[in-house]
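One structure below.
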Amino acid sequence: MRFSTGRCTDLITIGNDRFQAKLHSDHIPLPGQFMLARFWATIYPYVNTVVFPTTTESNSFTIEIKNEDQQSQNLSLGSKVELIGPCGQPVSLNKTARNLLLVANTSPHKLLPFAQLALTCGMDVTFLISCKYPLESLDPRIEVHTGELKPLLENHFEWAEQTLMDFKPGTIIHKLLDPISSNIHVLCHLMMPCGAGACHGCTVYTKSGWKLACKQGPFFKLSELKLEIE
Amino acid sequence: MVSNLPANLTQIELAPGHKRGLTLNSPFIAESGCWGFVDEYSKVINMHLLGAMITNPITAYPRQPARGVQIREIDPGIVLHTGLPNPGIHKALLKFGKKWSKFSCPIIVHLAVDNPDEVNECIYQLEEQDNVLGIELGFHHHENPNHAAAIIAKAAKGSLPIIVKVPFENPETFAKLAQDYGAQAITVTAPARTTIPDKTSWFEGRMYGANTFGIILTLVRKLSQTMSLPIIAAGDAHNNDQVQTLLRAGAKAVQLGSVVWVHPSRVNLILQSWQN
């Protein structure tokens, strides 16, 4: 973890409710890692924003922001962003896997670095999405299915050699995925104030004791997580 | 302890008259609950410029984290309910003791205990730990003052200096208890608590970043005129001006809290300012 200043070098509108901002930075998060970003000079809003890259290059990464989000008002070409990170643990792709399944129920952008990496490695990528999203902005090589997640998962989970999910499965889906849960990583926390494992505000109960999402996560194996009663 | 302080700077004594004393090279202290147990911020903060680091709360026995939602954003700031997860004093010493003994600044261990027997047991184990210079006692915000008095009195019988972190809700009573029952200093105050309506129940926790600075400043001024014990201010100060204001108001030292989450680079500037 380091702190640094990122500089916005590009802004690309995607769809009609969001945009991507390219930040030039010395520190680049790997897939699964995040940065804490501060878009404003004032004390408030207080908590730094957790940002996941959508794509990465050697000296820059891209983040996605909704127009309605407060940080959108503070980002323009050339503007500076205070960054803390990379935070958390990267998630490696299984070297022998030939296909990757990504699942999101809010916005797919937090999983996009995995798609980028998988496509570079020649893997097939399938994305199950249950929210509105400008699909035309996604790499055309990604096979996308939209709709309710449970039936989508029932049709796809069995062949997936590695799965990453940005949604917390309830009891029913958890049980459905149980046979392959060791190949599934779940994004567990989105509010991580310190990013350093100091505030203990992002603890996750696992089968091997409690862990800190900002240090040991934020992605955890589904097979490691303790099933929470809904 | 040999001072490596530049010749033009004076040391801060937080336990005058105590046999061990509690002498710091800087008035800036890492606040319990914000910096972790030892070296969580070592890669980004110049820890050697801190007067001391106060650990996250440690209890007599292991504690699990709170289940469910632990953080809520409020305007302005956040509310945190962690359940004070920690491995308990015995495992904490095994896990962190080596690092504490070699750490780049002195360590003060924050103890959150339920009764006088527990405090006795914890302090007994901490007295032999290298580089632990003192104990900060934390109390539940609705702690019974008589019960707290018994804990402070028991802690004061040990050989380490005792700091009492007074609850935001009852600062003057606990400050007096600290003075009457043998503590060496007080921290003013623990974070304020608040309640937020939840969907079906309530969410209660410690507030950070919320604008309690003015309240803490008022308390520091008031208590510094009525108390003989050194006062350590903990009011979520966010910049050098606020820190200097707390020192001018009568604080002998200032704890830096959640500013380290928000502006770690600013913390380094504050720490450096004392050297300059």
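Here's how to read the names in the structure tokens: chain A, B, ... by the order shown, residue numbers from 1 in each chain, ligand numbers from 1 in the order shown.
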
Practice item. Give me, as a count of residues only, the contact residues of chain A against chain B at a cut-off of 8 Å, counting only C-alpha atoms. Key: 21

* Asked: When DSSP works through the backbone of this structure, what residues of range 4-191 of chain B end up as strand (DSSP E or B), shown as a ChimeraX atom specification?
  -> /B:12-13,23-24,28-30,52-54,58,63,71-74,77-80,86,107-111,132-138,162-166,185-188

Tell me, as a ChimeraX atom specification, which residues lie within 7 Å of range 11-19 of chain B, counting only C-alpha atoms; anything in the same chain fewer than 6 positions away does not count.
-> /B:25-27,161,184-185,230

List as number ranges by chain the protein and nucleic acid residues near Pro29 in chain A, meaning an atom at most 9 Å away when only C-alpha atoms are counted, but skip any in the same chain fewer than 3 places from it. A: 32-35, 52-53, 56, 61, 85-87, 90

From the list A:Met123, A:Ala97, A:Leu149, A:Ala41, the nearest residue to Asn183 in chain A using only C-alpha atoms is A:Ala97

Would you mind listing what lies within 10 Å of Leu135 in chain A as a tab-separated table (two decimals) with C-alpha atoms, in the first residue's frame, with only C-alpha atoms counted and same-chain residues fewer than 4 positions away left out?
```
chain	number	residue	atom	x	y	z
A	14	ILE	CA	-20.43	4.94	-21.90
A	15	GLY	CA	-24.18	4.59	-22.19
A	108	PRO	CA	-20.12	-5.50	-14.02
A	129	ILE	CA	-25.54	-9.59	-15.71
A	139	ASP	CA	-15.28	-6.23	-25.40
A	140	PRO	CA	-17.21	-7.99	-28.20
A	142	ILE	CA	-17.25	-11.48	-24.13
A	144	VAL	CA	-23.05	-11.72	-22.34
A	146	THR	CA	-28.72	-10.75	-19.09
```

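Residue nearest Ala251 in chain B within the list B:Met53, B:Leu219, B:Ala155, B:Leu177: B:Leu219 [criterion: smallest interatomic distance, only C-alpha atoms].
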
Selection: 8 Å around range 131-133 of chain B, only C-alpha atoms, excl. self and same-chain fewer than 2 positions, as a short mmCIF file (atom, residue, chain, number, x, y, z; two decimals) with all heavy atoms, in the first residue's frame:
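Result saved to around.cif:
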```cif
data_model
loop_
_atom_site.label_atom_id
_atom_site.label_comp_id
_atom_site.auth_asym_id
_atom_site.auth_seq_id
_atom_site.Cartn_x
_atom_site.Cartn_y
_atom_site.Cartn_z
N LEU B 22 6.30 8.40 31.56
CA LEU B 22 5.80 8.12 30.21
C LEU B 22 6.27 9.27 29.33
O LEU B 22 5.56 10.25 29.09
CB LEU B 22 4.27 8.00 30.22
CG LEU B 22 3.57 7.61 28.91
CD1 LEU B 22 4.23 6.41 28.24
CD2 LEU B 22 2.11 7.31 29.15
N TRP B 100 6.22 -5.32 18.71
CA TRP B 100 6.15 -4.20 19.65
C TRP B 100 7.54 -3.87 20.20
O TRP B 100 7.92 -2.71 20.30
CB TRP B 100 5.21 -4.52 20.81
CG TRP B 100 3.75 -4.48 20.47
CD1 TRP B 100 3.17 -3.95 19.35
CD2 TRP B 100 2.67 -5.01 21.25
NE1 TRP B 100 1.81 -4.12 19.40
CE2 TRP B 100 1.48 -4.77 20.55
CE3 TRP B 100 2.60 -5.69 22.47
CZ2 TRP B 100 0.22 -5.15 21.04
CZ3 TRP B 100 1.36 -6.07 22.96
CH2 TRP B 100 0.17 -5.80 22.25
N SER B 101 8.28 -4.93 20.56
CA SER B 101 9.56 -4.68 21.23
C SER B 101 10.56 -3.99 20.30
O SER B 101 11.43 -3.28 20.76
CB SER B 101 10.14 -5.99 21.76
OG SER B 101 10.41 -6.85 20.68
N LYS B 102 10.40 -4.20 18.98
CA LYS B 102 11.35 -3.59 18.04
C LYS B 102 10.73 -2.41 17.29
O LYS B 102 11.30 -1.91 16.33
CB LYS B 102 11.80 -4.64 17.02
CG LYS B 102 12.63 -5.75 17.61
CD LYS B 102 12.94 -6.79 16.55
CE LYS B 102 13.69 -7.96 17.16
NZ LYS B 102 13.75 -9.10 16.26
N PHE B 103 9.54 -2.00 17.70
CA PHE B 103 8.83 -1.00 16.91
C PHE B 103 9.52 0.36 16.98
O PHE B 103 10.21 0.68 17.95
CB PHE B 103 7.38 -0.89 17.38
CG PHE B 103 6.45 -0.37 16.32
CD1 PHE B 103 6.38 -1.00 15.08
CD2 PHE B 103 5.68 0.76 16.52
CE1 PHE B 103 5.55 -0.52 14.08
CE2 PHE B 103 4.85 1.25 15.53
CZ PHE B 103 4.78 0.60 14.31
N PRO B 106 7.39 4.10 20.80
CA PRO B 106 6.87 3.37 21.96
C PRO B 106 5.43 2.91 21.74
O PRO B 106 4.67 3.53 20.99
CB PRO B 106 6.93 4.39 23.09
CG PRO B 106 7.87 5.44 22.63
CD PRO B 106 7.78 5.48 21.14
N ILE B 107 5.07 1.82 22.41
CA ILE B 107 3.72 1.26 22.31
C ILE B 107 2.97 1.52 23.62
O ILE B 107 3.52 1.36 24.71
CB ILE B 107 3.79 -0.26 22.07
CG1 ILE B 107 4.51 -0.59 20.76
CG2 ILE B 107 2.39 -0.90 22.11
CD1 ILE B 107 3.79 -0.23 19.49
N ILE B 108 1.73 1.95 23.49
CA ILE B 108 0.81 2.01 24.63
C ILE B 108 -0.32 1.03 24.29
O ILE B 108 -0.89 1.11 23.20
CB ILE B 108 0.27 3.43 24.85
CG1 ILE B 108 1.42 4.38 25.23
CG2 ILE B 108 -0.84 3.44 25.91
CD1 ILE B 108 1.04 5.85 25.26
N VAL B 109 -0.60 0.10 25.18
CA VAL B 109 -1.62 -0.91 24.89
C VAL B 109 -2.96 -0.42 25.43
O VAL B 109 -3.07 -0.02 26.59
CB VAL B 109 -1.25 -2.27 25.51
CG1 VAL B 109 -2.41 -3.26 25.38
CG2 VAL B 109 -0.01 -2.82 24.82
N LEU B 126 1.69 -7.58 30.61
CA LEU B 126 2.27 -6.50 29.81
C LEU B 126 3.49 -5.85 30.45
O LEU B 126 4.31 -5.24 29.77
CB LEU B 126 1.21 -5.41 29.56
CG LEU B 126 0.12 -5.79 28.56
CD1 LEU B 126 -1.04 -4.80 28.62
CD2 LEU B 126 0.70 -5.83 27.14
N GLU B 127 3.62 -5.99 31.76
CA GLU B 127 4.72 -5.31 32.46
C GLU B 127 6.09 -5.78 32.00
O GLU B 127 7.06 -5.03 32.06
CB GLU B 127 4.56 -5.49 33.97
CG GLU B 127 3.51 -4.55 34.53
CD GLU B 127 3.19 -4.78 36.00
OE1 GLU B 127 3.46 -5.90 36.49
OE2 GLU B 127 2.67 -3.85 36.62
N GLN B 129 6.78 -6.73 28.92
CA GLN B 129 6.92 -6.57 27.47
C GLN B 129 7.78 -5.36 27.14
O GLN B 129 7.45 -4.24 27.52
CB GLN B 129 5.52 -6.42 26.85
CG GLN B 129 5.51 -6.09 25.38
CD GLN B 129 6.11 -7.18 24.50
OE1 GLN B 129 5.81 -8.35 24.65
NE2 GLN B 129 6.97 -6.77 23.58
N ILE B 135 -0.40 1.94 29.63
CA ILE B 135 -1.69 1.30 29.36
C ILE B 135 -2.74 2.41 29.22
O ILE B 135 -2.77 3.33 30.03
CB ILE B 135 -2.14 0.43 30.57
CG1 ILE B 135 -1.08 -0.59 30.95
CG2 ILE B 135 -3.50 -0.23 30.30
CD1 ILE B 135 -0.91 -1.72 30.00
N LEU B 160 3.06 0.02 35.34
CA LEU B 160 2.99 0.84 34.12
C LEU B 160 2.08 2.05 34.32
O LEU B 160 1.05 1.95 35.01
CB LEU B 160 2.45 0.01 32.95
CG LEU B 160 3.37 -1.07 32.39
CD1 LEU B 160 2.61 -2.02 31.47
CD2 LEU B 160 4.53 -0.44 31.64
N PRO B 161 2.43 3.18 33.74
CA PRO B 161 1.54 4.36 33.83
C PRO B 161 0.18 4.08 33.18
O PRO B 161 0.12 3.38 32.17
CB PRO B 161 2.30 5.44 33.05
CG PRO B 161 3.68 4.96 32.91
CD PRO B 161 3.65 3.47 32.97
#
```

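Between CA of Leu212 in chain A and CA of Leu102 in chain A lies a distance of 23.3 Å.
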